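In what follows, a structure is listed as structure tokens, so that the remarks can point back to it.
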Amino acid sequence: MTETVLAGAEAPAAGRLRKAAARATVRRTYLLAVLRNLGCGSVTTKLALNIYAQSGEWATVGRNTARRDLRDLARRAYLVPAEHHGIRFYTLGRDSNPAHPVRGVRKLVLESIQMGSGEWTTGRVRRTWRQHIGTHVLRMSVRRYLADLHRDGYLDRHGDDASRRFYTYRAEGEGR
């Protein structure tokens, strides 16, 4: 049996996703507040799990969720990732309210494309993007970004009829 959604009403799945994202944001904010109050030098997944266990509300949070929360806080520059003898940990960032790192990443990726040469595939751009922001980027987001750069005249698209599509940088004065 299919469920019909009335015009103007939101689908139940969309509401659940929004609530889950809001819970994750609250959980991460709580973790950051406790870490700042502790003033600890290094933050590990084990410490994050201990903090969640003592909270009561998030006592059942697993290791992967704690890692995801730490990575997200690092991506937003609240934590600074570090590594010592192969052990990954984080330290508290100096800025208490940093700018989101994704704001300037598109410009950095375009500069990387301009500086680099050759074929730019979705995978190559994803690796470059990840180097700049330190987190996963969806393939669809990169495809859309490359299509936007092609539409704006920065890139030439090749392989429309083939199974492999790639882009090359269009030098200044070549039709832009």
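Naming scheme: A, B, ... for chains in displayed order of the structure tokens; residues 1 onward per chain; ligands 1 onward as shown.
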Next on the checklist: Which of stretch 26-115 of chain A end up as strand (DSSP E or B) when DSSP is run on this backbone - answer as a ChimeraX atom specification?
Outcome noted: /A:43,79-84,87-92
Export N, CA and C atoms of the chosen residues as a compact mmCIF listing (two decimals), in the first residue's frame?
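Result file part-v7.txt:
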# COMPACT_ATOMS: atom_id res chain seq x y z
N VAL A 43 42.25 15.12 22.71
CA VAL A 43 40.91 14.54 22.69
C VAL A 43 40.97 13.30 21.80
N LEU A 79 38.09 21.71 16.54
CA LEU A 79 39.17 20.83 16.97
C LEU A 79 40.24 20.81 15.89
N VAL A 80 41.47 20.55 16.28
CA VAL A 80 42.58 20.48 15.32
C VAL A 80 43.11 19.05 15.34
N PRO A 81 43.04 18.34 14.20
CA PRO A 81 43.53 16.97 14.17
C PRO A 81 45.06 16.91 14.24
N ALA A 82 45.54 15.88 14.92
CA ALA A 82 46.99 15.66 15.03
C ALA A 82 47.24 14.16 15.09
N GLU A 83 48.49 13.79 14.92
CA GLU A 83 48.85 12.38 14.96
C GLU A 83 50.23 12.25 15.58
N HIS A 84 50.38 11.26 16.45
CA HIS A 84 51.66 11.02 17.11
C HIS A 84 51.89 9.51 17.16
N ILE A 87 48.92 7.41 16.20
CA ILE A 87 47.71 7.55 17.01
C ILE A 87 47.09 8.90 16.70
N ARG A 88 45.85 8.88 16.23
CA ARG A 88 45.16 10.12 15.88
C ARG A 88 44.46 10.68 17.11
N PHE A 89 44.59 11.99 17.29
CA PHE A 89 43.90 12.68 18.37
C PHE A 89 43.61 14.10 17.92
N TYR A 90 42.90 14.84 18.72
CA TYR A 90 42.53 16.22 18.40
C TYR A 90 42.90 17.11 19.57
N THR A 91 43.14 18.37 19.27
CA THR A 91 43.32 19.38 20.31
C THR A 91 42.28 20.46 20.08
N LEU A 92 41.98 21.20 21.11
CA LEU A 92 40.99 22.27 20.96
C LEU A 92 41.54 23.38 20.08
Against stretch 148-157 of chain A, which residues of stretch 58-139 of chain A fall within 10 Å? For each one I want the closest pair of atoms and the distance in Å (one decimal), counting only C-alpha atoms, rows by chain and increasing residue number, as JSON lines.
{"residue": "A:Leu110", "atom": "CA", "partner": "A:Leu149", "partner_atom": "CA", "distance": 8.4}
{"residue": "A:Ile113", "atom": "CA", "partner": "A:Leu155", "partner_atom": "CA", "distance": 9.2}
{"residue": "A:Gln114", "atom": "CA", "partner": "A:Tyr154", "partner_atom": "CA", "distance": 9.0}
{"residue": "A:Glu119", "atom": "CA", "partner": "A:Arg157", "partner_atom": "CA", "distance": 9.7}
{"residue": "A:Trp120", "atom": "CA", "partner": "A:Leu155", "partner_atom": "CA", "distance": 9.4}
Checklist entry - How many Å lie between atom CA of A:Ala24 and atom CA of A:Gly62, rounded to one decimal? => result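 About the pair atom CA of A:Ala24 and atom CA of A:Gly62: they are 13.0 Å apart.
Our summary of the geometry notes that atom CA of A:Thr45 is positioned 6.1 Å from atom CA of A:Ala66.
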